[in-house]
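Shown here: start-v5.cif, mmCIF, C-alpha atoms.
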```
data_model
#
loop_
_atom_site.label_atom_id
_atom_site.label_comp_id
_atom_site.auth_asym_id
_atom_site.auth_seq_id
_atom_site.Cartn_x
_atom_site.Cartn_y
_atom_site.Cartn_z
CA MET A 71 6.40 -90.93 63.84
CA SER A 72 6.92 -88.75 66.90
CA SER A 73 9.05 -86.20 65.06
CA ASP A 74 6.48 -85.87 62.25
CA ALA A 75 3.68 -85.50 64.80
CA PHE A 76 5.49 -82.69 66.60
CA GLN A 77 6.22 -81.02 63.25
CA LEU A 78 2.50 -81.00 62.49
CA MET A 79 1.84 -79.54 65.93
CA GLY A 80 4.44 -76.84 65.30
CA MET A 81 2.83 -75.97 61.98
CA ALA A 82 -0.52 -75.65 63.73
CA GLU A 83 1.01 -73.35 66.34
CA LEU A 84 2.32 -71.14 63.52
CA GLY A 85 -1.11 -71.00 61.85
CA TYR A 86 -0.36 -73.24 58.87
CA LEU A 87 -2.62 -76.10 60.01
CA PRO A 88 -5.94 -76.15 61.88
CA ASN A 89 -5.88 -75.94 65.66
CA ILE A 90 -6.92 -79.57 65.97
CA PHE A 91 -3.29 -80.52 65.37
CA LYS A 92 -2.34 -78.55 68.50
CA THR A 93 -4.27 -80.87 70.79
CA ARG A 94 -2.21 -82.89 73.24
CA SER A 95 -3.03 -85.93 75.31
CA LYS A 96 -2.61 -86.03 79.08
CA TYR A 97 0.93 -87.25 78.44
CA GLY A 98 1.79 -84.19 76.32
CA THR A 99 1.87 -86.03 72.99
CA PRO A 100 0.22 -84.50 69.87
CA THR A 101 -2.79 -86.80 69.39
CA ALA A 102 -3.96 -85.58 65.97
CA GLY A 103 -0.42 -85.63 64.55
CA ILE A 104 0.15 -89.21 65.70
CA LEU A 105 -3.15 -90.35 64.21
CA ALA A 106 -2.37 -88.66 60.89
CA GLY A 107 1.12 -90.19 60.78
CA THR A 108 -0.26 -93.63 61.61
CA MET A 109 -2.76 -93.43 58.76
CA ILE A 110 -0.03 -92.50 56.28
CA ILE A 111 2.22 -95.33 57.51
CA VAL A 112 -0.61 -97.86 57.18
CA ILE A 113 -1.35 -96.68 53.63
CA MET A 114 2.31 -96.81 52.57
CA SER A 115 2.81 -100.24 54.14
CA ALA A 116 0.94 -101.73 51.19
CA ALA A 117 3.94 -100.98 48.93
CA ASP A 118 6.98 -103.19 48.48
CA PHE A 119 9.90 -102.66 50.87
CA SER A 120 12.37 -101.82 48.09
CA GLN A 121 9.91 -99.32 46.66
CA LEU A 122 9.52 -97.72 50.09
CA VAL A 123 13.30 -97.36 50.39
CA GLN A 124 13.48 -95.67 46.97
CA ILE A 125 10.56 -93.39 47.83
CA LEU A 126 12.10 -92.35 51.16
CA ASN A 127 15.50 -91.78 49.52
CA ALA A 128 13.87 -89.66 46.79
CA ASN A 129 11.96 -87.66 49.40
CA TYR A 130 15.13 -87.00 51.39
CA ALA A 131 17.06 -86.17 48.21
CA ILE A 132 14.50 -83.56 47.14
CA SER A 133 14.60 -81.97 50.60
CA LEU A 134 18.40 -81.76 50.34
CA LEU A 135 18.11 -80.04 46.96
CA LEU A 136 15.79 -77.47 48.53
CA GLU A 137 18.26 -76.93 51.38
CA TYR A 138 21.14 -76.45 48.95
CA ALA A 139 19.08 -73.97 46.94
CA ALA A 140 18.22 -72.04 50.13
CA PHE A 141 21.90 -72.05 51.13
CA VAL A 142 22.99 -70.55 47.81
CA LYS A 143 20.14 -68.04 47.80
CA LEU A 144 20.88 -66.78 51.33
CA ARG A 145 24.62 -66.59 50.77
CA LEU A 146 24.06 -64.40 47.71
CA SER A 147 21.09 -62.28 48.86
CA ARG A 148 21.62 -62.06 52.65
CA LYS A 149 25.38 -61.80 52.93
CA ASP A 150 25.32 -59.74 56.14
CA LEU A 151 22.88 -62.00 57.98
CA GLU A 152 24.22 -63.22 61.32
CA ARG A 153 24.64 -67.01 61.29
CA PRO A 154 25.44 -69.48 64.11
CA TYR A 155 28.11 -70.96 61.84
CA ARG A 156 29.38 -69.64 58.53
CA ILE A 157 31.10 -72.02 56.13
CA PRO A 158 34.50 -70.44 55.39
CA ILE A 159 34.06 -70.08 51.63
CA PRO A 160 33.49 -67.01 49.44
CA ASP A 161 29.88 -66.19 48.66
CA TRP A 162 30.40 -66.61 44.91
CA PHE A 163 31.70 -70.15 45.53
CA ALA A 164 28.46 -71.28 47.24
CA PHE A 165 26.97 -72.65 44.01
CA PHE A 166 30.06 -74.66 43.15
CA PHE A 167 30.26 -75.90 46.75
CA VAL A 168 26.86 -77.67 46.51
CA LEU A 169 27.21 -78.67 42.86
CA PRO A 170 28.85 -82.14 43.40
CA PRO A 171 26.26 -83.42 45.92
CA SER A 172 23.46 -81.93 43.80
CA LEU A 173 24.68 -83.85 40.75
CA ALA A 174 24.86 -87.02 42.84
CA ILE A 175 21.28 -86.51 44.00
CA ILE A 176 20.09 -85.91 40.43
CA GLY A 177 21.88 -89.12 39.40
CA LEU A 178 20.12 -91.00 42.21
CA LEU A 179 16.77 -89.70 41.04
CA ALA A 180 17.59 -90.60 37.44
CA VAL A 181 17.94 -94.32 38.24
CA SER A 182 14.79 -94.49 40.35
CA SER A 183 11.78 -96.54 39.40
CA TRP A 184 8.55 -95.29 37.86
CA MET A 185 6.86 -95.77 41.23
CA THR A 186 9.20 -93.17 42.72
CA TYR A 187 8.42 -90.69 39.93
CA LEU A 188 4.70 -91.30 40.46
CA PHE A 189 5.07 -90.69 44.19
CA ILE A 190 6.94 -87.42 43.60
CA LEU A 191 4.26 -86.26 41.15
CA VAL A 192 1.42 -87.18 43.52
CA VAL A 193 3.09 -85.44 46.47
CA PHE A 194 3.64 -82.32 44.37
CA LEU A 195 0.00 -82.21 43.26
CA VAL A 196 -1.32 -82.94 46.75
CA SER A 197 0.86 -80.15 48.15
CA ILE A 198 -0.66 -77.66 45.71
CA LEU A 199 -4.17 -78.81 46.62
CA LEU A 200 -3.44 -78.57 50.34
CA ILE A 201 -2.12 -75.02 49.99
CA ALA A 202 -5.24 -74.02 48.05
CA ALA A 203 -7.47 -75.77 50.61
CA GLN A 204 -5.68 -73.95 53.42
CA GLN A 205 -6.36 -70.55 51.86
CA ILE A 206 -10.00 -71.38 51.13
CA SER A 207 -10.62 -72.78 54.63
CA LYS A 208 -9.16 -69.62 56.17
CA GLU A 209 -11.37 -67.42 54.01
CA LYS A 210 -14.51 -69.51 54.59
CA CYS A 211 -13.66 -70.12 58.29
CA TRP A 212 -14.11 -73.87 57.91
CA PHE A 213 -11.44 -74.57 60.52
CA ASP A 214 -9.91 -72.58 63.35
CA PHE A 215 -6.38 -71.35 62.70
CA ASP A 216 -4.16 -69.69 65.27
CA ASN A 217 -2.52 -66.55 63.92
CA SER A 218 -1.35 -64.99 67.20
CA ASP A 219 1.67 -67.27 67.40
CA THR A 220 2.48 -66.43 63.79
CA ARG A 221 2.56 -62.73 64.61
CA GLU A 222 4.77 -63.47 67.60
CA ALA A 223 7.16 -65.44 65.38
CA VAL A 224 7.29 -62.60 62.86
CA ARG A 225 7.92 -60.15 65.69
CA ARG A 226 10.81 -62.27 66.95
CA SER A 227 12.27 -62.60 63.45
CA ASP A 228 12.14 -58.81 63.05
CA TYR A 229 13.91 -58.46 66.39
CA VAL A 230 16.65 -60.89 65.34
CA GLU A 231 17.02 -59.16 61.98
CA ILE A 232 17.42 -55.74 63.59
CA MET A 233 19.79 -56.95 66.29
CA SER A 234 21.96 -58.88 63.82
CA GLY A 235 21.81 -56.47 60.91
CA GLY A 236 23.79 -53.67 62.48
CA HIS A 237 20.85 -51.28 62.76
CA GLY A 238 20.99 -48.23 64.93
CA GLN A 239 19.50 -47.60 68.34
CA GLN A 240 16.56 -45.79 66.76
CA ASP A 241 15.37 -48.97 65.02
CA ILE A 242 15.74 -50.97 68.22
CA ASP A 243 13.77 -48.38 70.21
CA ALA A 244 11.03 -48.36 67.56
CA LEU A 245 10.72 -52.14 67.74
CA ALA A 246 10.53 -52.05 71.54
CA LEU A 247 7.89 -49.29 71.42
CA ASN A 248 5.74 -51.27 68.98
CA GLY A 249 5.93 -54.32 71.22
CA LEU A 250 4.94 -52.25 74.25
CA VAL A 251 1.97 -50.74 72.41
CA GLU A 252 0.74 -54.17 71.35
CA LEU A 253 1.05 -55.46 74.91
CA MET A 254 -0.93 -52.50 76.27
CA ASN A 255 -3.66 -53.02 73.66
CA GLU A 256 -3.97 -56.68 74.62
CA LYS A 257 -4.26 -55.83 78.31
CA GLN A 258 -6.82 -53.11 77.53
CA GLU A 259 -8.97 -55.62 75.65
CA LEU A 260 -8.85 -58.00 78.62
CA ILE A 261 -9.93 -55.17 80.95
CA ILE A 262 -12.73 -53.88 78.74
CA LYS A 263 -14.36 -57.28 78.20
CA PRO A 264 -15.03 -58.05 81.89
CA SER A 265 -16.14 -54.48 82.59
CA SER A 266 -18.62 -54.56 79.71
CA LYS A 267 -19.94 -57.85 81.03
CA HIS A 268 -20.44 -56.42 84.51
CA SER A 269 -22.18 -53.34 83.12
CA SER A 270 -24.59 -55.51 81.14
CA ASN A 271 -25.34 -57.53 84.27
CA GLY A 272 -25.96 -54.27 86.17
CA ASP A 273 -28.40 -53.11 83.51
CA LYS A 274 -30.29 -56.37 83.76
CA THR A 275 -30.45 -56.08 87.54
CA SER A 276 -31.81 -52.53 87.36
CA GLU A 277 -34.42 -53.62 84.83
CA ASN A 278 -35.57 -56.46 87.09
CA ALA A 279 -35.73 -54.11 90.08
CA SER A 280 -37.86 -51.64 88.15
#
```
Would you mind writing the file's structure down as structure tokens?
Amino acid sequence: MSSDAFQLMGMAELGYLPNIFKTRSKYGTPTAGILAGTMIIVIMSAADFSQLVQILNANYAISLLLEYAAFVKLRLSRKDLERPYRIPIPDWFAFFFVLPPSLAIIGLLAVSSWMTYLFILVVFLVSILLIAAQQISKEKCWFDFDNSDTREAVRRSDYVEIMSGGHGQQDIDALALNGLVELMNEKQELIIKPSSKHSSNGDKTSENAS
């Protein structure tokens, strides 16, 4: 429950969920994420234990298939990307490397019950609806989303890409200059806001004096 709650908080910090999921208690725990996870656990507790095991196994199996697909895609499309650890196999062999476990996962899904298939279908449909609701809520401003952290994450990913991609000093200097300009703009906004407030107060004082 705690890991899922912190994942929801991380998604809110990146701007994918409303800011309410960023709220923490006085102990530093994500309150909204824990409440959401508790509600889901209570709802799923109505199912049979064997069905819950199959559903959790199917959920984990689908996530593994997505990870294998991302592994093959990155090994073929981003060959020069710097990695903490690189599996010592040729890039063309990446598909055949994940083929045996992928077939085992497909076999596990093939012998699952109809309840598991129904759960997968419902989760897929709910995911589509949540993505659409996220876009609509951002456009209609129904909830507050934090996009500053998202820009910071994109800025850091650009920095890592430039530093690990073998780019020249000119690209690195351009990235540093852009970051400096953004920092100066943020400080200028902080300076202008208080000064404008003081000027408005001065105008009101002069009006009262007159």
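Rounded to one decimal, atom CA of Arg153 of chain A and atom CA of Glu137 of chain A lie 15.4 Å from each other.
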Using all atoms of segment 198-205 of chain A that appear in the file, construct an axis-aligned enclosing box with 8 Å of padding on every side and provide its centre coordinates and edge lengths in Å, rounded to one decimal, as AutoDock Vina command-line options.
```
--center_x -4.1 --center_y -74.7 --center_z 49.6 --size_x 22.8 --size_y 24.3 --size_z 23.7
```
- Mind pulling up the distance from atom CA of Ala164 of chain A to atom CA of Ala128 of chain A? 23.5 Å
- Could you spell out the hits of the PyMOL selection byres ((chain A and resi 73) around 12) on the shown file, as an MDAnalysis selection string? chainID A and resid 71:72 74:80 99:100 103:104 107
What's the 12 Å shell around Ala174 of chain A, counting only C-alpha atoms, without same-chain residues fewer than 6 positions away, as a PDB file with C-alpha atoms, in the coordinates of the input?
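For reference, selection33.pdb as written:
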```pdb
ATOM      1  CA  ALA A 128      13.870 -89.660  46.790  1.00  0.00           C
ATOM      2  CA  ALA A 131      17.060 -86.170  48.210  1.00  0.00           C
ATOM      3  CA  ILE A 132      14.500 -83.560  47.140  1.00  0.00           C
ATOM      4  CA  LEU A 134      18.400 -81.760  50.340  1.00  0.00           C
ATOM      5  CA  LEU A 135      18.110 -80.040  46.960  1.00  0.00           C
ATOM      6  CA  VAL A 168      26.860 -77.670  46.510  1.00  0.00           C
ATOM      7  CA  ALA A 180      17.590 -90.600  37.440  1.00  0.00           C
ATOM      8  CA  VAL A 181      17.940 -94.320  38.240  1.00  0.00           C
TER       9      VAL A 181
END
```
- Calculate how many Å separate atom CA of Ile198 of chain A from atom CA of Ala102 of chain A, rounding to one decimal. 22.0 Å
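Shortest separation to Leu179 of chain A among A:Val193, A:Ile125, A:Leu84, A:Ile111 occurs at residue A:Ile125, atoms counted being all atoms listed in the file.
Proximity ranking of A:Ser133, A:Met109, A:Leu188, A:Trp162 relative to Leu146 of chain A places A:Trp162 first, based on only C-alpha atoms.
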